[in-house]
Amino acid sequence: MNPRFDDRSFTVAIVGCGGFIGSHLLDAVLCRTKWRVFGVDLDFYRIQHRLNDERCEFVCADLADPETVARLARFPVVVNLAAICTPSRYMGEAPAVIRSNYDHPAALADACAKSGSWLIHFSTSEVYGRTGADSGVLDEDSTPLVFGPVTASRWSYATAKLLTERYIAGLSGLKWTVVRPFNFVGPYMDYMPGVDGEGIPRVLANFSTALLRGEPLKLVNGGKAKRCFTSVHDAIDFLFALFDAGSGTAQNAGVFSQVFNVGNADNELSIAELAQKMRQIYAEIRGVDIATLPEPQVVAGEEYYGTGYDDSMRRLPGVEKAERLLGFRASTPIDVCLRESLTWFVKHYSV
Ligand code: UDP
């Protein structure tokens, strides 16, 4: 272990500490280090068990608040996980999505550039844009980033995220690292519509909800798009590899001013294959025959999400850079990811 993980006077700031990734990161920081945490979020229900922890200070705010931004930039490391990342909102609420994913993180980047904090900014694998079915490995430093037309408002999110990456990379004096997550899954991923959130969450939460409600899984445009599903626990291991390298005495130049894909290239499935796997796992968890579960249904993308929906047909992460610079490779197999996520979802929402 990096000796700095033993430093009781060190504080990491986490924006979005109550979210899906943030809640796992918070637990990991408190368990694996002696650090303190300054956590910012608007919603704390996933981290109730940490609210009275004496090593934590929590603030209910977002990055639209200049005072919160100024406080965050006083800490040596700031991890920014905050974002509006509900796909159905990319179409109907593009201005809010863009503000949340560009204006707010840009203000945080400005403050970190002034104070000298290391900003670890979470972007998205969606910046690779409208990839075709035959697109190959997506490389951080050589793959062109091509979006659909402005009428395809699905790209509002990715456009804002990419602009933020470019802003961060262009900001003089900022110590930064950008992370592009590839479909992270695990407990606490998104929400159950109508219970603890509205709109259409990402596919894992949608499929889990449909299974629990005995409804058909919806395959958008036939479920031909492919994704590489990545365990949130692997993502946390990546962050620790990054902390380790970035806070080492050598001040490893490899981790600063770099964009990293974080994804599991071995876990690629089409969405139709994902539906089959999840039905099978759900049937096993419930001890029922898969034939008793409704068959998936095909739906048109624009009907399901609204006008302006568009899609990436394949997102295969290049993983060589994280392995070369950090010795990190995501390793949790797809079946383990899905069983853990679905078991958690069933237990959590059956109560
Ligand atoms: N999708 C689907 N049914 C759903 C939700 C999503 O077929 O109920 C598809 C969606 O059209 C996309 C893929 O699943 O092709 C992944 O969608 P998600 O919203 O999880 O995230 P993305 O990787 O597109 O950001």
# chains A, B, ... in the order shown; residues from 1 in each chain; ligands from 1
call {"tool": "residues_around", "arguments": {"residues": "region 227-231 of chain A", "least_positions_apart": "2", "cutoff": "7 Å", "atoms": "only C-alpha atoms", "output": "list of chain:residue names"}}
result
A:Phe182, A:Asn183, A:Phe184, A:Val185, A:Gly186, A:Ala225, A:His233, A:Asp234, A:Ala235, A:Gly263, A:Asn264, A:Ala265, A:Asn267, A:Glu268, A:Leu269, A:Ser270, A:Arg314, A:Arg315, A:Leu316, A:Thr332, A:Ile334, A:Cys337
call {"tool": "residues_around", "arguments": {"residues": "region 20-22 of chain A", "least_positions_apart": "5", "cutoff": "10 Å", "atoms": "only C-alpha atoms", "output": "list in words"}}
result
Ile14, Val15, Asp27, Ala28, Gly39, Val40, Asp41, Arg46, Ile47, Val79, Asn80, Leu81, Ala82, Phe184, Val185, Gly186, Pro187, Tyr188, Met189, Asp190, Tyr191, Val232, His233, Ala235 and Ile236 of chain A
call {"tool": "residues_around", "arguments": {"residues": "Ala160 (chain A)", "least_positions_apart": "5", "cutoff": "12 Å", "atoms": "only C-alpha atoms", "output": "list in words"}}
result
Ala83, Ile84, Cys85, Tyr90, Ala94, Pro95, Ala96, Val97, Ile98, Arg99, Ser100, Asn101, Tyr102, Asp103, His104, Pro105, Ala106, Ser123, Thr124, Glu126, Val127, Gly129, Phe147, Ser153, Arg154, Trp155, Glu165, Arg166 and Tyr167 of chain A
call {"tool": "residues_near_ligand", "arguments": {"ligand": "ligand 1", "cutoff": "9 Å", "atoms": "only C-alpha atoms and all ligand atoms", "output": "MDAnalysis selection string"}}
result
chainID A and resid 85:88 124:126 182:183 200:207 210 217:228 270:272 275 298:299 301 304:305 309:315
call {"tool": "select_by_dssp", "arguments": {"residues": "region 75-261 of chain A", "states": "alpha helix (DSSP H)", "output": "PDB file with N, CA and C atoms, in the first residue's frame"}}
result
ATOM      1  N   PRO A  87     -30.348   8.943 -19.609  1.00  0.00           N
ATOM      2  CA  PRO A  87     -30.459   9.072 -21.070  1.00  0.00           C
ATOM      3  C   PRO A  87     -31.733   9.771 -21.550  1.00  0.00           C
ATOM      4  N   SER A  88     -32.881   9.509 -20.908  1.00  0.00           N
ATOM      5  CA  SER A  88     -34.118  10.107 -21.439  1.00  0.00           C
ATOM      6  C   SER A  88     -34.104  11.628 -21.301  1.00  0.00           C
ATOM      7  N   ARG A  89     -33.253  12.183 -20.421  1.00  0.00           N
ATOM      8  CA  ARG A  89     -33.210  13.640 -20.258  1.00  0.00           C
ATOM      9  C   ARG A  89     -32.354  14.313 -21.339  1.00  0.00           C
ATOM     10  N   TYR A  90     -31.508  13.533 -22.026  1.00  0.00           N
ATOM     11  CA  TYR A  90     -30.632  14.150 -23.046  1.00  0.00           C
ATOM     12  C   TYR A  90     -31.468  14.766 -24.174  1.00  0.00           C
ATOM     13  N   MET A  91     -32.650  14.170 -24.421  1.00  0.00           N
ATOM     14  CA  MET A  91     -33.493  14.678 -25.502  1.00  0.00           C
ATOM     15  C   MET A  91     -34.340  15.873 -25.034  1.00  0.00           C
ATOM     16  N   GLY A  92     -35.105  15.696 -23.964  1.00  0.00           N
ATOM     17  CA  GLY A  92     -36.073  16.720 -23.546  1.00  0.00           C
ATOM     18  C   GLY A  92     -35.471  17.880 -22.776  1.00  0.00           C
ATOM     19  N   ALA A  94     -32.064  19.221 -22.939  1.00  0.00           N
ATOM     20  CA  ALA A  94     -30.679  19.440 -23.383  1.00  0.00           C
ATOM     21  C   ALA A  94     -29.991  20.625 -22.688  1.00  0.00           C
ATOM     22  N   PRO A  95     -30.654  21.784 -22.518  1.00  0.00           N
ATOM     23  CA  PRO A  95     -29.939  22.903 -21.872  1.00  0.00           C
ATOM     24  C   PRO A  95     -29.476  22.561 -20.456  1.00  0.00           C
ATOM     25  N   ALA A  96     -30.342  21.914 -19.663  1.00  0.00           N
ATOM     26  CA  ALA A  96     -29.951  21.557 -18.285  1.00  0.00           C
ATOM     27  C   ALA A  96     -28.821  20.516 -18.306  1.00  0.00           C
ATOM     28  N   VAL A  97     -28.908  19.592 -19.231  1.00  0.00           N
ATOM     29  CA  VAL A  97     -27.885  18.539 -19.350  1.00  0.00           C
ATOM     30  C   VAL A  97     -26.535  19.183 -19.696  1.00  0.00           C
ATOM     31  N   ILE A  98     -26.568  20.166 -20.605  1.00  0.00           N
ATOM     32  CA  ILE A  98     -25.318  20.816 -21.036  1.00  0.00           C
ATOM     33  C   ILE A  98     -24.726  21.659 -19.901  1.00  0.00           C
ATOM     34  N   HIS A 104     -20.749  23.662 -15.036  1.00  0.00           N
ATOM     35  CA  HIS A 104     -20.384  23.402 -13.641  1.00  0.00           C
ATOM     36  C   HIS A 104     -18.982  22.794 -13.511  1.00  0.00           C
ATOM     37  N   PRO A 105     -18.655  21.741 -14.263  1.00  0.00           N
ATOM     38  CA  PRO A 105     -17.291  21.212 -14.135  1.00  0.00           C
ATOM     39  C   PRO A 105     -16.218  22.187 -14.632  1.00  0.00           C
ATOM     40  N   ALA A 106     -16.575  23.043 -15.593  1.00  0.00           N
ATOM     41  CA  ALA A 106     -15.579  24.023 -16.066  1.00  0.00           C
ATOM     42  C   ALA A 106     -15.240  24.993 -14.930  1.00  0.00           C
ATOM     43  N   ALA A 107     -16.261  25.390 -14.152  1.00  0.00           N
ATOM     44  CA  ALA A 107     -16.009  26.295 -13.018  1.00  0.00           C
ATOM     45  C   ALA A 107     -15.118  25.601 -11.985  1.00  0.00           C
ATOM     46  N   LEU A 108     -15.359  24.318 -11.771  1.00  0.00           N
ATOM     47  CA  LEU A 108     -14.523  23.573 -10.820  1.00  0.00           C
ATOM     48  C   LEU A 108     -13.082  23.472 -11.342  1.00  0.00           C
ATOM     49  N   ALA A 109     -12.943  23.244 -12.636  1.00  0.00           N
ATOM     50  CA  ALA A 109     -11.600  23.155 -13.229  1.00  0.00           C
ATOM     51  C   ALA A 109     -10.856  24.482 -13.072  1.00  0.00           C
ATOM     52  N   ASP A 110     -11.554  25.603 -13.294  1.00  0.00           N
ATOM     53  CA  ASP A 110     -10.926  26.922 -13.107  1.00  0.00           C
ATOM     54  C   ASP A 110     -10.399  27.059 -11.682  1.00  0.00           C
ATOM     55  N   ALA A 111     -11.248  26.671 -10.720  1.00  0.00           N
ATOM     56  CA  ALA A 111     -10.852  26.820  -9.307  1.00  0.00           C
ATOM     57  C   ALA A 111      -9.666  25.914  -8.984  1.00  0.00           C
ATOM     58  N   CYS A 112      -9.660  24.698  -9.513  1.00  0.00           N
ATOM     59  CA  CYS A 112      -8.543  23.767  -9.244  1.00  0.00           C
ATOM     60  C   CYS A 112      -7.251  24.268  -9.901  1.00  0.00           C
ATOM     61  N   ALA A 113      -7.386  24.879 -11.077  1.00  0.00           N
ATOM     62  CA  ALA A 113      -6.188  25.409 -11.751  1.00  0.00           C
ATOM     63  C   ALA A 113      -5.542  26.496 -10.893  1.00  0.00           C
ATOM     64  N   LYS A 114      -6.377  27.291 -10.247  1.00  0.00           N
ATOM     65  CA  LYS A 114      -5.855  28.373  -9.394  1.00  0.00           C
ATOM     66  C   LYS A 114      -5.215  27.829  -8.129  1.00  0.00           C
ATOM     67  N   SER A 115      -5.871  26.819  -7.537  1.00  0.00           N
ATOM     68  CA  SER A 115      -5.413  26.354  -6.216  1.00  0.00           C
ATOM     69  C   SER A 115      -4.318  25.293  -6.304  1.00  0.00           C
ATOM     70  N   TRP A 155     -27.055  13.560 -28.404  1.00  0.00           N
ATOM     71  CA  TRP A 155     -25.630  13.883 -28.268  1.00  0.00           C
ATOM     72  C   TRP A 155     -25.378  15.132 -27.425  1.00  0.00           C
ATOM     73  N   SER A 156     -26.446  15.709 -26.845  1.00  0.00           N
ATOM     74  CA  SER A 156     -26.255  16.894 -25.986  1.00  0.00           C
ATOM     75  C   SER A 156     -25.311  16.552 -24.825  1.00  0.00           C
ATOM     76  N   TYR A 157     -25.514  15.401 -24.242  1.00  0.00           N
ATOM     77  CA  TYR A 157     -24.704  14.970 -23.096  1.00  0.00           C
ATOM     78  C   TYR A 157     -23.243  14.780 -23.511  1.00  0.00           C
ATOM     79  N   ALA A 158     -23.032  14.002 -24.559  1.00  0.00           N
ATOM     80  CA  ALA A 158     -21.668  13.696 -24.984  1.00  0.00           C
ATOM     81  C   ALA A 158     -20.939  14.955 -25.450  1.00  0.00           C
ATOM     82  N   THR A 159     -21.684  15.858 -26.125  1.00  0.00           N
ATOM     83  CA  THR A 159     -21.065  17.089 -26.612  1.00  0.00           C
ATOM     84  C   THR A 159     -20.565  17.928 -25.436  1.00  0.00           C
ATOM     85  N   ALA A 160     -21.410  18.032 -24.398  1.00  0.00           N
ATOM     86  CA  ALA A 160     -21.012  18.816 -23.218  1.00  0.00           C
ATOM     87  C   ALA A 160     -19.839  18.152 -22.507  1.00  0.00           C
ATOM     88  N   LYS A 161     -19.893  16.839 -22.402  1.00  0.00           N
ATOM     89  CA  LYS A 161     -18.810  16.115 -21.726  1.00  0.00           C
ATOM     90  C   LYS A 161     -17.490  16.293 -22.483  1.00  0.00           C
ATOM     91  N   LEU A 162     -17.584  16.242 -23.821  1.00  0.00           N
ATOM     92  CA  LEU A 162     -16.359  16.381 -24.611  1.00  0.00           C
ATOM     93  C   LEU A 162     -15.807  17.804 -24.519  1.00  0.00           C
ATOM     94  N   LEU A 163     -16.715  18.780 -24.532  1.00  0.00           N
ATOM     95  CA  LEU A 163     -16.254  20.169 -24.403  1.00  0.00           C
ATOM     96  C   LEU A 163     -15.529  20.344 -23.064  1.00  0.00           C
ATOM     97  N   THR A 164     -16.058  19.732 -22.027  1.00  0.00           N
ATOM     98  CA  THR A 164     -15.403  19.822 -20.714  1.00  0.00           C
ATOM     99  C   THR A 164     -14.015  19.178 -20.764  1.00  0.00           C
ATOM    100  N   GLU A 165     -13.905  18.037 -21.417  1.00  0.00           N
ATOM    101  CA  GLU A 165     -12.578  17.416 -21.547  1.00  0.00           C
ATOM    102  C   GLU A 165     -11.610  18.377 -22.232  1.00  0.00           C
ATOM    103  N   ARG A 166     -12.093  19.003 -23.309  1.00  0.00           N
ATOM    104  CA  ARG A 166     -11.215  19.908 -24.065  1.00  0.00           C
ATOM    105  C   ARG A 166     -10.850  21.138 -23.223  1.00  0.00           C
ATOM    106  N   TYR A 167     -11.828  21.614 -22.454  1.00  0.00           N
ATOM    107  CA  TYR A 167     -11.576  22.770 -21.592  1.00  0.00           C
ATOM    108  C   TYR A 167     -10.510  22.426 -20.554  1.00  0.00           C
ATOM    109  N   ILE A 168     -10.688  21.279 -19.916  1.00  0.00           N
ATOM    110  CA  ILE A 168      -9.738  20.841 -18.890  1.00  0.00           C
ATOM    111  C   ILE A 168      -8.338  20.691 -19.494  1.00  0.00           C
ATOM    112  N   ALA A 169      -8.283  20.050 -20.649  1.00  0.00           N
ATOM    113  CA  ALA A 169      -6.977  19.792 -21.279  1.00  0.00           C
ATOM    114  C   ALA A 169      -6.296  21.094 -21.709  1.00  0.00           C
ATOM    115  N   GLY A 170      -7.114  22.120 -21.963  1.00  0.00           N
ATOM    116  CA  GLY A 170      -6.534  23.380 -22.446  1.00  0.00           C
ATOM    117  C   GLY A 170      -6.226  24.376 -21.345  1.00  0.00           C
ATOM    118  N   VAL A 203     -29.613   0.882 -19.100  1.00  0.00           N
ATOM    119  CA  VAL A 203     -30.218  -0.405 -19.457  1.00  0.00           C
ATOM    120  C   VAL A 203     -30.273  -1.410 -18.297  1.00  0.00           C
ATOM    121  N   LEU A 204     -29.244  -1.467 -17.490  1.00  0.00           N
ATOM    122  CA  LEU A 204     -29.238  -2.461 -16.415  1.00  0.00           C
ATOM    123  C   LEU A 204     -30.389  -2.228 -15.435  1.00  0.00           C
ATOM    124  N   ALA A 205     -30.606  -0.969 -15.066  1.00  0.00           N
ATOM    125  CA  ALA A 205     -31.687  -0.644 -14.125  1.00  0.00           C
ATOM    126  C   ALA A 205     -33.048  -0.865 -14.782  1.00  0.00           C
ATOM    127  N   ASN A 206     -33.132  -0.561 -16.085  1.00  0.00           N
ATOM    128  CA  ASN A 206     -34.395  -0.797 -16.806  1.00  0.00           C
ATOM    129  C   ASN A 206     -34.746  -2.266 -16.854  1.00  0.00           C
ATOM    130  N   PHE A 207     -33.777  -3.077 -17.222  1.00  0.00           N
ATOM    131  CA  PHE A 207     -34.034  -4.516 -17.339  1.00  0.00           C
ATOM    132  C   PHE A 207     -34.337  -5.116 -15.959  1.00  0.00           C
ATOM    133  N   SER A 208     -33.613  -4.662 -14.940  1.00  0.00           N
ATOM    134  CA  SER A 208     -33.845  -5.192 -13.591  1.00  0.00           C
ATOM    135  C   SER A 208     -35.261  -4.828 -13.137  1.00  0.00           C
ATOM    136  N   THR A 209     -35.668  -3.577 -13.423  1.00  0.00           N
ATOM    137  CA  THR A 209     -37.021  -3.120 -13.049  1.00  0.00           C
ATOM    138  C   THR A 209     -38.075  -3.974 -13.742  1.00  0.00           C
ATOM    139  N   ALA A 210     -37.895  -4.176 -15.051  1.00  0.00           N
ATOM    140  CA  ALA A 210     -38.888  -4.949 -15.814  1.00  0.00           C
ATOM    141  C   ALA A 210     -38.980  -6.377 -15.275  1.00  0.00           C
ATOM    142  N   LEU A 211     -37.836  -6.974 -14.953  1.00  0.00           N
ATOM    143  CA  LEU A 211     -37.852  -8.349 -14.430  1.00  0.00           C
ATOM    144  C   LEU A 211     -38.621  -8.405 -13.111  1.00  0.00           C
ATOM    145  N   LEU A 212     -38.337  -7.437 -12.238  1.00  0.00           N
ATOM    146  CA  LEU A 212     -38.993  -7.427 -10.926  1.00  0.00           C
ATOM    147  C   LEU A 212     -40.499  -7.204 -11.059  1.00  0.00           C
ATOM    148  N   ARG A 213     -40.904  -6.423 -12.060  1.00  0.00           N
ATOM    149  CA  ARG A 213     -42.330  -6.124 -12.238  1.00  0.00           C
ATOM    150  C   ARG A 213     -43.032  -7.134 -13.149  1.00  0.00           C
ATOM    151  N   VAL A 232     -18.355  -1.923 -11.141  1.00  0.00           N
ATOM    152  CA  VAL A 232     -18.002  -0.694 -10.410  1.00  0.00           C
ATOM    153  C   VAL A 232     -16.824  -0.968  -9.467  1.00  0.00           C
ATOM    154  N   HIS A 233     -16.669  -2.213  -9.020  1.00  0.00           N
ATOM    155  CA  HIS A 233     -15.536  -2.519  -8.124  1.00  0.00           C
ATOM    156  C   HIS A 233     -14.204  -2.404  -8.888  1.00  0.00           C
ATOM    157  N   ASP A 234     -14.221  -2.808 -10.158  1.00  0.00           N
ATOM    158  CA  ASP A 234     -13.016  -2.612 -10.979  1.00  0.00           C
ATOM    159  C   ASP A 234     -12.735  -1.119 -11.140  1.00  0.00           C
ATOM    160  N   ALA A 235     -13.810  -0.342 -11.307  1.00  0.00           N
ATOM    161  CA  ALA A 235     -13.638   1.109 -11.474  1.00  0.00           C
ATOM    162  C   ALA A 235     -12.985   1.710 -10.228  1.00  0.00           C
ATOM    163  N   ILE A 236     -13.379   1.224  -9.070  1.00  0.00           N
ATOM    164  CA  ILE A 236     -12.793   1.744  -7.823  1.00  0.00           C
ATOM    165  C   ILE A 236     -11.317   1.322  -7.741  1.00  0.00           C
ATOM    166  N   ASP A 237     -11.023   0.101  -8.159  1.00  0.00           N
ATOM    167  CA  ASP A 237      -9.612  -0.332  -8.182  1.00  0.00           C
ATOM    168  C   ASP A 237      -8.790   0.560  -9.113  1.00  0.00           C
ATOM    169  N   PHE A 238      -9.402   0.937 -10.220  1.00  0.00           N
ATOM    170  CA  PHE A 238      -8.707   1.864 -11.131  1.00  0.00           C
ATOM    171  C   PHE A 238      -8.368   3.163 -10.399  1.00  0.00           C
ATOM    172  N   LEU A 239      -9.346   3.702  -9.673  1.00  0.00           N
ATOM    173  CA  LEU A 239      -9.112   4.979  -8.981  1.00  0.00           C
ATOM    174  C   LEU A 239      -8.000   4.845  -7.944  1.00  0.00           C
ATOM    175  N   PHE A 240      -7.952   3.724  -7.276  1.00  0.00           N
ATOM    176  CA  PHE A 240      -6.876   3.533  -6.295  1.00  0.00           C
ATOM    177  C   PHE A 240      -5.518   3.409  -6.979  1.00  0.00           C
ATOM    178  N   ALA A 241      -5.484   2.775  -8.131  1.00  0.00           N
ATOM    179  CA  ALA A 241      -4.225   2.711  -8.890  1.00  0.00           C
ATOM    180  C   ALA A 241      -3.801   4.131  -9.277  1.00  0.00           C
ATOM    181  N   LEU A 242      -4.796   4.945  -9.618  1.00  0.00           N
ATOM    182  CA  LEU A 242      -4.522   6.335  -9.996  1.00  0.00           C
ATOM    183  C   LEU A 242      -4.033   7.145  -8.793  1.00  0.00           C
ATOM    184  N   PHE A 243      -4.729   7.036  -7.663  1.00  0.00           N
ATOM    185  CA  PHE A 243      -4.296   7.738  -6.449  1.00  0.00           C
ATOM    186  C   PHE A 243      -2.868   7.345  -6.107  1.00  0.00           C
ATOM    187  N   ASP A 244      -2.625   6.047  -6.197  1.00  0.00           N
ATOM    188  CA  ASP A 244      -1.333   5.491  -5.833  1.00  0.00           C
ATOM    189  C   ASP A 244      -0.223   6.110  -6.697  1.00  0.00           C
ATOM    190  N   ALA A 245      -0.458   6.109  -7.989  1.00  0.00           N
ATOM    191  CA  ALA A 245       0.549   6.636  -8.904  1.00  0.00           C
ATOM    192  C   ALA A 245       0.679   8.153  -8.771  1.00  0.00           C
ATOM    193  N   GLY A 246      -0.467   8.829  -8.643  1.00  0.00           N
ATOM    194  CA  GLY A 246      -0.443  10.290  -8.629  1.00  0.00           C
ATOM    195  C   GLY A 246       0.098  10.878  -7.347  1.00  0.00           C
ATOM    196  N   SER A 247       0.027  10.124  -6.257  1.00  0.00           N
ATOM    197  CA  SER A 247       0.505  10.684  -4.998  1.00  0.00           C
ATOM    198  C   SER A 247       1.859  10.092  -4.610  1.00  0.00           C
TER     199      SER A 247
END
call {"tool": "decode", "arguments": {"residues": "region 15-26 of chain A", "atoms": "N, CA and C atoms", "output": "compact mmCIF listing (two decimals), in the first residue's frame"}}
result
# COMPACT_ATOMS: atom_id res chain seq x y z
N VAL A 15 -17.10 14.97 -5.41
CA VAL A 15 -18.34 15.61 -5.84
C VAL A 15 -19.22 14.51 -6.43
N GLY A 16 -20.43 14.38 -5.90
CA GLY A 16 -21.27 13.26 -6.32
C GLY A 16 -21.03 12.05 -5.42
N CYS A 17 -20.69 12.30 -4.16
CA CYS A 17 -20.33 11.20 -3.25
C CYS A 17 -21.54 10.34 -2.89
N GLY A 18 -22.75 10.85 -3.16
CA GLY A 18 -23.94 10.06 -2.84
C GLY A 18 -24.47 9.29 -4.04
N GLY A 19 -23.79 9.36 -5.16
CA GLY A 19 -24.28 8.68 -6.36
C GLY A 19 -23.81 7.24 -6.43
N PHE A 20 -24.06 6.62 -7.57
CA PHE A 20 -23.71 5.20 -7.77
C PHE A 20 -22.21 4.97 -7.58
N ILE A 21 -21.39 5.66 -8.35
CA ILE A 21 -19.94 5.45 -8.24
C ILE A 21 -19.43 6.06 -6.94
N GLY A 22 -19.95 7.25 -6.61
CA GLY A 22 -19.50 7.97 -5.42
C GLY A 22 -19.69 7.17 -4.14
N SER A 23 -20.82 6.49 -4.03
CA SER A 23 -21.07 5.72 -2.80
C SER A 23 -20.07 4.58 -2.66
N HIS A 24 -19.70 3.96 -3.77
CA HIS A 24 -18.69 2.89 -3.71
C HIS A 24 -17.30 3.47 -3.41
N LEU A 25 -17.03 4.65 -3.99
CA LEU A 25 -15.73 5.27 -3.74
C LEU A 25 -15.60 5.69 -2.28
N LEU A 26 -16.67 6.25 -1.74
CA LEU A 26 -16.66 6.68 -0.34
C LEU A 26 -16.36 5.48 0.57
